[in-house]
Structure formats: structure tokens, C-alpha cells
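Undergrad: Just one file: data-v7.cif, with mmCIF, C-alpha atoms.
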```cif
data_coords
#
loop_
_atom_site.label_atom_id
_atom_site.label_comp_id
_atom_site.auth_asym_id
_atom_site.auth_seq_id
_atom_site.Cartn_x
_atom_site.Cartn_y
_atom_site.Cartn_z
CA MET A 1 -11.30 -20.63 -22.30
CA GLN A 2 -9.55 -18.00 -24.41
CA PRO A 3 -6.31 -16.27 -23.44
CA LEU A 4 -6.58 -12.61 -22.57
CA GLN A 5 -4.11 -10.54 -24.53
CA LEU A 6 -3.93 -6.76 -24.59
CA GLU A 7 -1.34 -4.53 -26.20
CA GLY A 8 0.33 -2.02 -23.91
CA SER A 9 -0.46 1.68 -24.31
CA PRO A 10 1.08 4.84 -22.78
CA LYS A 11 -1.28 4.45 -19.83
CA THR A 12 -2.17 0.77 -19.71
CA PRO A 13 -0.03 -2.35 -19.35
CA PHE A 14 0.59 -5.21 -21.71
CA VAL A 15 -1.53 -8.16 -20.60
CA ASN A 16 -1.04 -11.82 -21.42
CA PHE A 17 -3.15 -14.28 -19.43
CA ASP A 18 -2.79 -17.85 -20.70
CA PRO A 19 -5.35 -20.34 -19.33
CA ASN A 20 -3.47 -23.32 -20.79
CA THR A 21 -0.25 -22.73 -18.88
CA GLY A 22 -1.40 -20.70 -15.88
CA PHE A 23 1.16 -18.06 -16.86
CA LEU A 24 -0.24 -14.56 -16.38
CA GLU A 25 1.64 -11.41 -17.23
CA LEU A 26 1.07 -7.72 -16.49
CA LYS A 27 3.79 -5.48 -17.82
CA GLY A 28 4.49 -1.79 -18.46
CA ARG A 29 2.52 1.13 -17.06
CA SER A 30 -0.79 1.28 -15.34
CA ILE A 31 -1.77 4.92 -15.07
CA PRO A 32 -5.24 5.26 -16.64
CA GLU A 33 -7.76 7.80 -15.31
CA ASN A 34 -10.42 5.14 -14.98
CA SER A 35 -8.72 2.00 -13.81
CA ILE A 36 -11.93 0.19 -12.97
CA ASP A 37 -12.84 0.16 -16.67
CA PHE A 38 -9.47 -1.29 -17.59
CA TYR A 39 -9.25 -3.91 -14.84
CA LYS A 40 -12.80 -5.25 -14.89
CA PRO A 41 -12.18 -7.61 -17.87
CA LEU A 42 -8.94 -8.81 -16.23
CA ILE A 43 -10.66 -9.55 -12.93
CA ASP A 44 -13.59 -11.25 -14.69
CA TRP A 45 -11.15 -13.37 -16.68
CA ILE A 46 -9.31 -14.55 -13.55
CA ASP A 47 -12.65 -15.20 -11.89
CA GLN A 48 -13.64 -17.51 -14.73
CA TYR A 49 -10.17 -19.09 -14.93
CA GLY A 50 -10.42 -19.80 -11.19
CA ARG A 51 -13.29 -22.21 -11.77
CA SER A 52 -10.92 -24.71 -13.36
CA PRO A 53 -7.40 -23.37 -12.87
CA LYS A 54 -4.12 -25.07 -13.71
CA PRO A 55 -2.45 -26.75 -10.71
CA LYS A 56 0.13 -23.96 -10.82
CA THR A 57 -0.64 -20.32 -11.57
CA ALA A 58 2.02 -17.63 -11.69
CA LEU A 59 1.31 -13.93 -12.16
CA HIS A 60 4.30 -11.93 -13.32
CA VAL A 61 3.93 -8.25 -12.51
CA GLN A 62 6.49 -5.94 -14.06
CA LEU A 63 5.28 -2.39 -13.73
CA GLU A 64 7.31 0.72 -14.26
CA TYR A 65 4.58 2.97 -12.88
CA PHE A 66 1.12 2.54 -11.44
CA ASN A 67 -1.21 5.24 -10.21
CA THR A 68 -3.37 5.13 -7.09
CA SER A 69 -6.42 4.63 -9.27
CA SER A 70 -4.85 1.32 -10.35
CA SER A 71 -3.62 0.26 -6.94
CA LYS A 72 -6.96 -0.97 -5.62
CA CYS A 73 -7.71 -2.73 -8.89
CA ILE A 74 -4.35 -4.50 -8.75
CA LEU A 75 -5.24 -5.56 -5.21
CA ASP A 76 -8.49 -7.01 -6.59
CA VAL A 77 -6.51 -9.03 -9.13
CA PHE A 78 -4.42 -10.44 -6.26
CA LYS A 79 -7.57 -11.18 -4.25
CA LYS A 80 -8.87 -13.34 -7.08
CA LEU A 81 -5.58 -15.27 -7.02
CA GLU A 82 -5.91 -15.60 -3.27
CA MET A 83 -9.23 -17.38 -3.81
CA ILE A 84 -7.69 -19.75 -6.34
CA ARG A 85 -5.02 -20.59 -3.81
CA ALA A 86 -7.55 -21.02 -1.01
CA SER A 87 -9.22 -23.76 -3.05
CA GLY A 88 -6.02 -25.79 -2.97
CA ASN A 89 -4.01 -24.64 -5.99
CA GLU A 90 -0.46 -23.42 -6.18
CA VAL A 91 -0.41 -19.69 -6.87
CA SER A 92 2.41 -17.19 -6.81
CA VAL A 93 3.06 -13.58 -7.67
CA LEU A 94 6.42 -12.64 -9.13
CA TRP A 95 6.89 -8.95 -8.50
CA HIS A 96 9.57 -7.47 -10.72
CA TYR A 97 11.17 -4.17 -9.86
CA GLU A 98 13.97 -2.20 -11.38
CA GLN A 99 17.30 -2.15 -9.66
CA ASP A 100 17.37 0.81 -7.21
CA ASP A 101 13.61 1.31 -7.46
CA GLU A 102 13.00 0.88 -3.73
CA ASP A 103 9.58 2.49 -4.10
CA MET A 104 8.41 -0.29 -6.42
CA LEU A 105 9.92 -2.92 -4.13
CA GLU A 106 8.05 -1.34 -1.20
CA ALA A 107 4.83 -1.34 -3.20
CA GLY A 108 5.25 -5.07 -3.78
CA GLU A 109 5.91 -5.61 -0.10
CA ASP A 110 2.75 -3.67 0.73
CA TYR A 111 0.70 -6.06 -1.40
CA ALA A 112 2.54 -9.09 -0.04
CA GLY A 113 1.58 -7.94 3.46
CA ILE A 114 -2.11 -7.80 2.59
CA ILE A 115 -2.58 -10.80 0.29
CA LYS A 116 -2.22 -14.43 1.33
CA VAL A 117 -0.34 -15.51 -1.77
CA PRO A 118 3.43 -16.08 -1.85
CA PHE A 119 5.25 -13.15 -3.46
CA ARG A 120 8.70 -13.35 -4.95
CA MET A 121 10.53 -10.06 -5.39
CA ILE A 122 12.68 -10.10 -8.48
CA GLN A 123 15.20 -7.38 -9.21
CA ILE A 124 15.65 -6.57 -12.89
CA GLN A 125 17.82 -4.18 -14.86
CA GLU A 126 15.19 -2.05 -16.56
CA VAL A 127 11.50 -2.33 -17.35
CA ASN A 128 10.93 -2.37 -21.07
CA ASP A 129 7.72 -0.91 -22.37
CA GLN A 130 5.75 -3.34 -24.45
CA MET B 131 -1.53 42.27 -24.02
CA THR B 132 1.54 41.57 -26.19
CA ASP B 133 3.80 43.11 -23.50
CA ARG B 134 2.10 41.03 -20.87
CA ILE B 135 2.70 37.78 -22.67
CA HIS B 136 6.38 38.64 -22.80
CA ASP B 137 6.33 39.43 -19.07
CA LEU B 138 4.61 36.14 -18.47
CA TYR B 139 7.26 34.35 -20.50
CA ASP B 140 10.05 36.07 -18.53
CA GLU B 141 8.36 35.20 -15.30
CA LEU B 142 8.06 31.54 -16.28
CA GLU B 143 11.70 31.46 -17.34
CA ARG B 144 12.84 33.10 -14.13
CA HIS B 145 10.99 30.54 -12.04
CA ARG B 146 12.43 27.70 -14.15
CA VAL B 147 8.97 26.51 -15.11
CA MET B 148 9.09 23.46 -17.36
CA LEU B 149 5.36 23.19 -17.84
CA SER B 150 2.41 25.43 -17.18
CA PHE B 151 -1.12 24.80 -18.24
CA LYS B 152 -4.50 26.29 -17.51
CA GLY B 153 -7.71 24.94 -18.92
CA SER B 154 -9.76 21.80 -19.21
CA LEU B 155 -8.08 18.44 -18.89
CA THR B 156 -8.99 15.37 -20.91
CA PRO B 157 -7.33 11.95 -20.64
CA GLU B 158 -5.68 12.59 -24.04
CA LEU B 159 -4.29 15.91 -22.88
CA ILE B 160 -2.99 14.36 -19.67
CA THR B 161 -1.19 11.73 -21.77
CA ALA B 162 0.44 14.47 -23.84
CA LEU B 163 1.45 16.53 -20.79
CA LEU B 164 2.92 13.46 -19.08
CA ASP B 165 4.89 12.64 -22.21
CA MET B 166 6.29 16.16 -22.25
CA VAL B 167 7.24 16.04 -18.57
CA GLU B 168 8.86 12.64 -18.95
CA ARG B 169 11.01 13.72 -21.91
CA ARG B 170 12.05 16.89 -20.14
CA MET B 171 12.90 15.03 -16.93
CA GLU B 172 15.05 12.57 -18.86
CA ARG B 173 17.14 15.49 -20.06
CA ILE B 174 17.50 17.45 -16.84
CA GLU B 175 17.44 14.89 -14.02
CA VAL B 176 20.15 12.26 -13.84
CA ASP B 177 18.83 10.36 -10.83
CA PRO B 178 16.24 7.80 -12.06
CA LYS B 179 14.65 7.57 -8.62
CA ALA B 180 14.08 11.32 -8.51
CA ARG B 181 12.68 11.21 -12.04
CA LYS B 182 10.22 8.53 -11.06
CA ARG B 183 9.12 10.33 -7.93
CA VAL B 184 8.49 13.59 -9.78
CA PHE B 185 6.68 11.75 -12.56
CA THR B 186 4.48 9.90 -10.05
CA VAL B 187 3.59 13.15 -8.29
CA VAL B 188 2.72 14.75 -11.64
CA ILE B 189 0.51 11.78 -12.60
CA GLU B 190 -1.40 11.95 -9.32
CA CYS B 191 -1.72 15.74 -9.36
CA LEU B 192 -3.01 15.86 -12.94
CA GLN B 193 -5.44 13.04 -12.30
CA ASN B 194 -6.60 14.75 -9.11
CA LEU B 195 -7.43 17.78 -11.23
CA TYR B 196 -9.23 15.55 -13.69
CA HIS B 197 -11.25 13.63 -11.09
CA HIS B 198 -11.82 15.95 -8.21
CA VAL B 199 -12.88 19.13 -9.83
CA ASP B 200 -16.43 19.77 -8.80
CA GLN B 201 -18.41 19.28 -11.97
CA ASP B 202 -20.78 22.14 -11.31
CA THR B 203 -18.35 24.64 -9.95
CA ALA B 204 -18.43 28.17 -11.23
CA ALA B 205 -15.58 29.29 -13.44
CA PRO B 206 -14.15 32.79 -12.91
CA ASN B 207 -16.46 34.22 -15.55
CA GLY B 208 -19.43 33.14 -13.46
CA GLU B 209 -20.57 30.39 -15.77
CA LYS B 210 -21.09 26.95 -14.42
CA VAL B 211 -18.45 24.66 -15.87
CA HIS B 212 -18.94 21.00 -16.53
CA ASP B 213 -15.39 20.09 -17.28
CA PRO B 214 -12.27 19.51 -15.23
CA HIS B 215 -10.89 23.00 -15.23
CA GLY B 216 -7.68 23.76 -13.44
CA VAL B 217 -4.15 25.06 -13.49
CA VAL B 218 -0.85 23.25 -13.17
CA MET B 219 2.76 24.38 -13.04
CA ILE B 220 5.92 22.32 -12.73
CA ALA B 221 9.14 24.10 -11.92
CA GLN B 222 12.68 23.38 -10.87
CA THR B 223 13.66 24.67 -7.46
CA ASP B 224 16.92 24.87 -5.53
CA THR B 225 16.08 21.64 -3.73
CA GLY B 226 14.35 19.70 -6.51
CA TYR B 227 11.02 20.21 -8.20
CA SER B 228 7.76 21.87 -7.38
CA VAL B 229 4.42 20.65 -8.71
CA ILE B 230 1.68 23.21 -8.16
CA THR B 231 -1.96 22.70 -9.00
CA GLY B 232 -5.11 24.71 -8.47
CA ASN B 233 -8.77 23.99 -9.01
CA PHE B 234 -12.24 24.97 -7.92
CA MET B 235 -14.00 22.63 -5.55
CA ALA B 236 -17.25 22.42 -3.65
CA GLY B 237 -17.15 24.59 -0.54
CA HIS B 238 -18.71 21.96 1.69
CA GLU B 239 -15.83 19.57 0.96
CA VAL B 240 -13.11 21.98 2.09
CA ASP B 241 -13.11 20.91 5.75
CA ARG B 242 -12.84 17.23 4.93
CA LEU B 243 -9.96 17.76 2.50
CA LYS B 244 -8.19 20.06 4.97
CA GLN B 245 -8.44 17.42 7.70
CA HIS B 246 -7.12 14.78 5.32
CA LEU B 247 -4.13 16.97 4.35
CA ASP B 248 -3.39 17.99 7.96
CA ARG B 249 -3.41 14.36 9.01
CA ILE B 250 -1.03 13.44 6.18
CA ASN B 251 1.26 16.34 7.11
CA SER B 252 1.39 15.15 10.74
CA LEU B 253 2.78 11.75 9.73
CA GLY B 254 6.33 10.56 9.10
CA PRO B 255 7.35 8.23 6.26
CA ASP B 256 6.65 4.97 8.12
CA GLU B 257 3.27 6.19 9.36
CA LEU B 258 2.37 7.31 5.83
CA ARG B 259 3.20 3.86 4.58
CA ASP B 260 0.97 2.32 7.27
CA LEU B 261 -1.86 4.69 6.35
CA TYR B 262 -1.42 3.83 2.67
CA ARG B 263 -1.56 0.12 3.44
CA SER B 264 -4.64 0.36 5.59
CA ARG B 265 -6.46 2.53 3.03
CA LEU B 266 -5.40 0.14 0.27
CA SER B 267 -6.85 -2.88 2.03
CA ASP B 268 -10.00 -1.36 3.53
CA GLY B 269 -12.15 -2.39 0.58
CA THR B 270 -13.59 1.03 -0.19
CA TYR B 271 -13.51 2.76 -3.54
CA THR B 272 -13.93 6.34 -4.53
CA ALA B 273 -15.37 7.29 -7.91
CA SER B 274 -11.86 7.48 -9.36
CA GLY B 275 -11.03 4.03 -8.02
CA GLY B 276 -8.20 5.14 -5.78
CA GLY B 277 -10.04 5.06 -2.50
CA GLY B 278 -8.42 8.22 -1.19
CA LEU B 279 -4.85 7.08 -1.77
CA GLY B 280 -3.81 9.94 -4.05
CA MET B 281 -2.73 12.54 -1.51
CA ILE B 282 -1.01 9.90 0.63
CA GLU B 283 0.98 8.74 -2.37
CA ILE B 284 1.84 12.34 -3.30
CA ALA B 285 3.12 12.97 0.24
CA ARG B 286 5.15 9.75 0.21
CA LYS B 287 6.88 10.62 -3.05
CA SER B 288 7.41 14.24 -2.07
CA GLY B 289 9.30 13.45 1.09
CA GLY B 290 8.12 16.75 2.56
CA LYS B 291 4.99 18.45 3.81
CA LEU B 292 2.16 19.35 1.45
CA GLU B 293 1.65 23.09 1.16
CA TYR B 294 -1.94 24.02 0.48
CA GLY B 295 -4.43 26.83 0.59
CA PHE B 296 -8.12 27.44 0.12
CA VAL B 297 -9.51 30.71 -1.18
CA PRO B 298 -13.27 31.07 -0.76
CA TYR B 299 -14.76 31.90 -4.15
CA ASP B 300 -18.49 32.18 -3.65
CA LYS B 301 -20.98 30.61 -1.28
CA ASP B 302 -20.73 27.22 -2.99
CA SER B 303 -17.13 26.95 -4.04
CA ALA B 304 -13.52 27.52 -3.12
CA PHE B 305 -10.24 27.57 -4.99
CA PHE B 306 -7.88 24.87 -3.76
CA SER B 307 -4.16 25.18 -4.39
CA LEU B 308 -1.54 22.56 -3.67
CA ASN B 309 2.24 22.86 -3.83
CA VAL B 310 4.18 19.62 -3.74
CA ASN B 311 7.92 19.95 -3.33
CA VAL B 312 9.84 16.91 -4.42
CA THR B 313 13.28 17.02 -2.86
CA THR B 314 15.98 15.38 -4.93
#
```
How does this structure look as C-alpha cells?
TA:
Amino acid sequence: MQPLQLEGSPKTPFVNFDPNTGFLELKGRSIPENSIDFYKPLIDWIDQYGRSPKPKTALHVQLEYFNTSSSKCILDVFKKLEMIRASGNEVSVLWHYEQDDEDMLEAGEDYAGIIKVPFRMIQIQEVNDQ
Amino acid sequence: MTDRIHDLYDELERHRVMLSFKGSLTPELITALLDMVERRMERIEVDPKARKRVFTVVIECLQNLYHHVDQDTAAPNGEKVHDPHGVVMIAQTDTGYSVITGNFMAGHEVDRLKQHLDRINSLGPDELRDLYRSRLSDGTYTASGGGGLGMIEIARKSGGKLEYGFVPYDKDSAFFSLNVNVTT
């Protein structure tokens, strides 16, 4: 299986999904008008990865902004991880938020309250665009 | 007309307008407008949290204009327009920022939107968060993918009540205006 790598853009995040290490990364901004178009390949990739996942999978989310069009798609990404975990694998989400950005921390807590995957909230200094 | 453009300029200055735009929105244009707003906000607003809240409200408002304009709504000249046509204005106020948008919409959708906005305005911050969470997890999608989260998010970031109005335009359409005050 091939890694999924996408450059960041002003409205879409940097993506690096590595099937060989189980290290998945989503970083930057997610504010496209049509989020479904952007997220479908990501969700399909995780779906395929989930058929023979690594024993440990970690998704690092480090978003500076995301729009409501993205929020349901991001939930779908987490739901795919939930399924990988349900089949007996170790899965975690590492939710990075900028110091003092309570809104982003709250957003992470909202997801953590919906999804049955352990979330770790990680405070960082500043989100760097990729 | 040349006098009027000067009056318009004065008016915009007096109301501390940092951006005003009327016309059709494309994703590319939204990117450019957001870039402008972000640069301006970096200069005039020291509080990063306030900057982020204003920027988030602007994103949602512009994308609302882009997505929710009725595709077959009549423009003021009577022609049917097939593009997202609207107006947006962002200004500084004594208490923070004001993001005002206006667009034509289908008349039969006015009641539903009004109910949605009234419900949002009746809720406090914790209740808005609960509503956001339940909408997020209910598994439904709207055409734009947000599943009706946009206005809830706008209200959460604003910290105040959404001011809105509907002006009937013709038998099929109405003009919807929204003023979001972001208190800083």
C-alpha cells in the first residue's frame, strides 16, 4: 500500500499517511468549500489501510483552522479509526492545539466525546503552516 | 456618479469598514478575501483568540454565501442568476468586529432558516456546544458537507446574538441579511 501525501494549500491541510509505520498526520488548515471532495481520498485510504493495519496507529491532528464543512468529514476520518480499533488494534488521536486556543481544545474534546478512540490533547506553541 | 463613489468611500471610512464586496463569489475569490482579512487582522488585532474568532466567522459567512445562495434566484435586475451572488462587509465596531452578509434566497426556505436562527439565539454557550455536538454526530450531511453546523459555529464564535432580517423580494425569493457581532 502506498503512503498518502498531500502538500498543504491555503485551504487544505498537509497530509502524510504512512502505512508502514501507522503514523498519520493532518496539519495546517482545513477550510475548503467542498470538503467532501478533499476528504474522500483520505477516508478511502484509511478504509483500505484498516484491512491490514499496523498494531499501533496514531493520527496526529494539528489544525489551525477548520470550517464546518470539514468538521463532519474529520469525524468520518475518526470513525474509520474507531473501526480499526474495534477490530483489536491500538489506535490513538493526538490532538494538537495552540497555547490559549481554548476553542481548538474544545473542538478536540467534542470529537473525543463522540468517538471511541483515545484522544490525547497536546498543547503546542504555534501551528506552522506546511 | 463620481461624487457618489467619494461619498461611498467616506461612508466606508466612517464605519471603519475593512472589507466590502458585492458580486459573485468563487472559491478563488474567497481565498483572496480571506487572505486580505487575515493580513488586516494581524495588523489591527493584538489578541490571537479574537483574531481567530473573527476569521472563523468570516470563513463561515463567506462560505454560506457561496453555498446557500439559491441558484435560480432573481438578481435585482430581474434576471435569473446562476451564481453565488451576495454582499459582505466587515467593519470594526466599538465592541469588536461586525461581519455583515446579504444574499437572495428561496422564499419557501425563509421560515425554516428563521426557526433555526431563533433557536440558536435562544441558547447559551453551553447549550450551543451541546447542539453543535449533537448535529456533528447525527450522521446527516447537507450539500455543503457541514450538516447545518455553520450558523451554530458562527453564534459560538460571536459570543452574542445573531441579528438578521428578511426582506421579501418577489413571490419566489427574499433577501436575507445577517449581522454577526464578534465581541473582543
Undergrad: Just to confirm, what's the straight-line distance from atom CA of Pro157 of chain B to atom CA of Thr186 of chain B in Å (one decimal)?
TA: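 Separating atom CA of Pro157 of chain B from atom CA of Thr186 of chain B is a distance of 16.0 Å.
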Undergrad: If the PyMOL selection byres ((chain B) within 10 of (chain A)) were run on this exact file, what residues would it hold? Put them as an MDAnalysis selection string.
TA: chainID B and resid 156:157 160:162 164:165 178:179 182:183 185:187 189:190 192:194 196:197 259:260 262:284 286:287
Undergrad: Could you please determine the separation between atom CA of Arg29 of chain A and atom CA of Asp44 of chain A in Å, to one decimal place?
TA: 20.5 Å
Undergrad: Quick one, how far is atom CA of Ile46 of chain A from atom CA of Gln123 of chain A?
TA: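 Between atom CA of Ile46 of chain A and atom CA of Gln123 of chain A the gap works out to 25.9 Å.
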Undergrad: If we count only C-alpha atoms and set the cut-off at 12 Å, which residues sit around Asp224 of chain B, ignoring sequence neighbours fewer than 4 positions away in its own chain? Please answer as a PyMOL selection string.
TA: chain B and resi 145-146+228+311-314
Undergrad: Under the rule that all atoms listed in the file are counted, which of A:Lys27, A:Arg51, A:Lys80, A:Lys56 is the nearest residue to Trp95 of chain A?
TA: A:Lys27
Undergrad: Ranking A:Ala58, A:Leu6, A:Val117, A:Leu63 by minimum distance to Pro19 of chain A and counting all atoms listed in the file, which one comes first?
TA: A:Ala58
Undergrad: For the file shown, what are the residues hit by the PyMOL selection byres ((chain A and resi 47) around 12), laid out as a PyMOL selection string?
TA: chain A and resi 1+19+40-46+48-53+76-84
Undergrad: On this structure, the PyMOL selection byres ((chain B and resi 298) around 12) would catch which residues? List them as a PyMOL selection string, sorted by chain and number.
TA: chain B and resi 233-240+295-297+299-307
Undergrad: Taking (6.1, 24.5, -11.9) in the file's coordinates as the center, which residues reach within 6 Å of it, counting only C-alpha atoms, put as a list in words?
TA: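 I get Val147, Met219, Ile220, Ala221, Ser228, Val229 and Ile230 of chain B for the residues within 6 Å of that point.
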Undergrad: Quick one: write out the picked residues with C-alpha atoms as an mmCIF file, in the frame of the given file?
TA:
```cif
data_model
loop_
_atom_site.group_PDB
_atom_site.id
_atom_site.type_symbol
_atom_site.label_atom_id
_atom_site.label_comp_id
_atom_site.auth_asym_id
_atom_site.auth_seq_id
_atom_site.Cartn_x
_atom_site.Cartn_y
_atom_site.Cartn_z
ATOM 1 C CA VAL B 147 8.970 26.510 -15.110
ATOM 2 C CA MET B 219 2.760 24.380 -13.040
ATOM 3 C CA ILE B 220 5.920 22.320 -12.730
ATOM 4 C CA ALA B 221 9.140 24.100 -11.920
ATOM 5 C CA SER B 228 7.760 21.870 -7.380
ATOM 6 C CA VAL B 229 4.420 20.650 -8.710
ATOM 7 C CA ILE B 230 1.680 23.210 -8.160
#
```
Undergrad: Show me the residues close to (-4.2, -18.9, -16.1) - anything with an atom within 7 Å, counting only C-alpha atoms - and format the list as a PDB file with C-alpha atoms, in the frame of the given file.
TA:
```
ATOM      1  CA  PHE A  17      -3.150 -14.280 -19.430  1.00  0.00           C
ATOM      2  CA  ASP A  18      -2.790 -17.850 -20.700  1.00  0.00           C
ATOM      3  CA  PRO A  19      -5.350 -20.340 -19.330  1.00  0.00           C
ATOM      4  CA  ASN A  20      -3.470 -23.320 -20.790  1.00  0.00           C
ATOM      5  CA  THR A  21      -0.250 -22.730 -18.880  1.00  0.00           C
ATOM      6  CA  GLY A  22      -1.400 -20.700 -15.880  1.00  0.00           C
ATOM      7  CA  PHE A  23       1.160 -18.060 -16.860  1.00  0.00           C
ATOM      8  CA  LEU A  24      -0.240 -14.560 -16.380  1.00  0.00           C
ATOM      9  CA  TYR A  49     -10.170 -19.090 -14.930  1.00  0.00           C
ATOM     10  CA  PRO A  53      -7.400 -23.370 -12.870  1.00  0.00           C
ATOM     11  CA  LYS A  54      -4.120 -25.070 -13.710  1.00  0.00           C
ATOM     12  CA  THR A  57      -0.640 -20.320 -11.570  1.00  0.00           C
TER      13      THR A  57
END
```
Undergrad: Which of these, B:His246, B:Glu168, B:Asp256, B:Val217, has the shortest distance to Leu292 of chain B once you count only C-alpha atoms?
TA: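 Nearest candidate to Leu292 of chain B out of B:His246, B:Glu168, B:Asp256, B:Val217: B:His246.
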Undergrad: Measuring between all atoms listed in the file, which one of B:Val188, B:Thr225, B:Val310, B:Leu195 shows the shortest distance to Leu247 of chain B?
TA: B:Val310
Undergrad: Applying 6 Å and all atoms listed in the file, which residues near Val15 of chain A remain after dropping the ones on its own chain fewer than 3 positions away? List them as a PyMOL selection string.
TA: chain A and resi 5-6+25-26
Undergrad: Step by step: locate segment 8-65 of chain A in the block above, keep C-alpha atoms, then write the file as a short mmCIF file (atom, residue, chain, number, x, y, z; two decimals), in the first residue's frame.
TA:
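Produced file part-v4.cif, reproduced below:
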```cif
data_model
loop_
_atom_site.label_atom_id
_atom_site.label_comp_id
_atom_site.auth_asym_id
_atom_site.auth_seq_id
_atom_site.Cartn_x
_atom_site.Cartn_y
_atom_site.Cartn_z
CA GLY A 8 -0.82 21.87 2.20
CA SER A 9 -2.62 24.74 0.47
CA PRO A 10 -4.27 27.93 1.79
CA LYS A 11 -7.47 25.96 2.31
CA THR A 12 -6.40 22.35 2.70
CA PRO A 13 -4.08 20.65 5.17
CA PHE A 14 -0.79 18.89 4.69
CA VAL A 15 -1.43 15.14 4.73
CA ASN A 16 1.06 12.37 5.41
CA PHE A 17 -0.39 8.90 5.96
CA ASP A 18 2.30 6.22 6.22
CA PRO A 19 1.04 2.62 6.03
CA ASN A 20 4.43 1.21 7.04
CA THR A 21 4.60 2.95 10.41
CA GLY A 22 0.93 3.63 11.19
CA PHE A 23 1.85 7.30 11.60
CA LEU A 24 -0.83 9.55 10.11
CA GLU A 25 -0.60 13.31 10.02
CA LEU A 26 -3.09 16.08 9.23
CA LYS A 27 -1.66 19.54 9.61
CA GLY A 28 -2.48 23.16 8.74
CA ARG A 29 -5.85 24.48 7.64
CA SER A 30 -8.95 22.71 6.52
CA ILE A 31 -11.31 25.32 5.13
CA PRO A 32 -12.26 24.20 1.60
CA GLU A 33 -15.71 24.94 0.17
CA ASN A 34 -16.22 21.32 -0.76
CA SER A 35 -14.71 19.25 1.98
CA ILE A 36 -16.26 16.00 0.82
CA ASP A 37 -14.13 16.16 -2.34
CA PHE A 38 -10.98 16.70 -0.31
CA TYR A 39 -11.63 14.09 2.37
CA LYS A 40 -12.94 11.23 0.25
CA PRO A 41 -9.44 10.00 -0.78
CA LEU A 42 -8.28 10.26 2.85
CA ILE A 43 -11.23 8.24 4.13
CA ASP A 44 -10.83 5.66 1.34
CA TRP A 45 -7.14 5.35 2.17
CA ILE A 46 -7.80 4.70 5.86
CA ASP A 47 -10.52 2.25 4.89
CA GLN A 48 -8.02 0.26 2.83
CA TYR A 49 -5.27 0.62 5.45
CA GLY A 50 -7.73 -0.74 8.03
CA ARG A 51 -7.82 -4.10 6.27
CA SER A 52 -4.28 -4.84 7.42
CA PRO A 53 -3.29 -2.07 9.82
CA LYS A 54 -0.13 -1.80 11.90
CA PRO A 55 -0.58 -2.94 15.52
CA LYS A 56 -0.33 0.71 16.52
CA THR A 57 -1.87 3.60 14.57
CA ALA A 58 -1.52 7.21 15.64
CA LEU A 59 -3.24 10.12 13.91
CA HIS A 60 -1.68 13.49 14.66
CA VAL A 61 -4.09 16.33 14.05
CA GLN A 62 -2.63 19.81 14.16
CA LEU A 63 -5.12 22.22 12.68
CA GLU A 64 -5.02 25.96 12.92
CA TYR A 65 -8.50 26.35 11.45
#
```
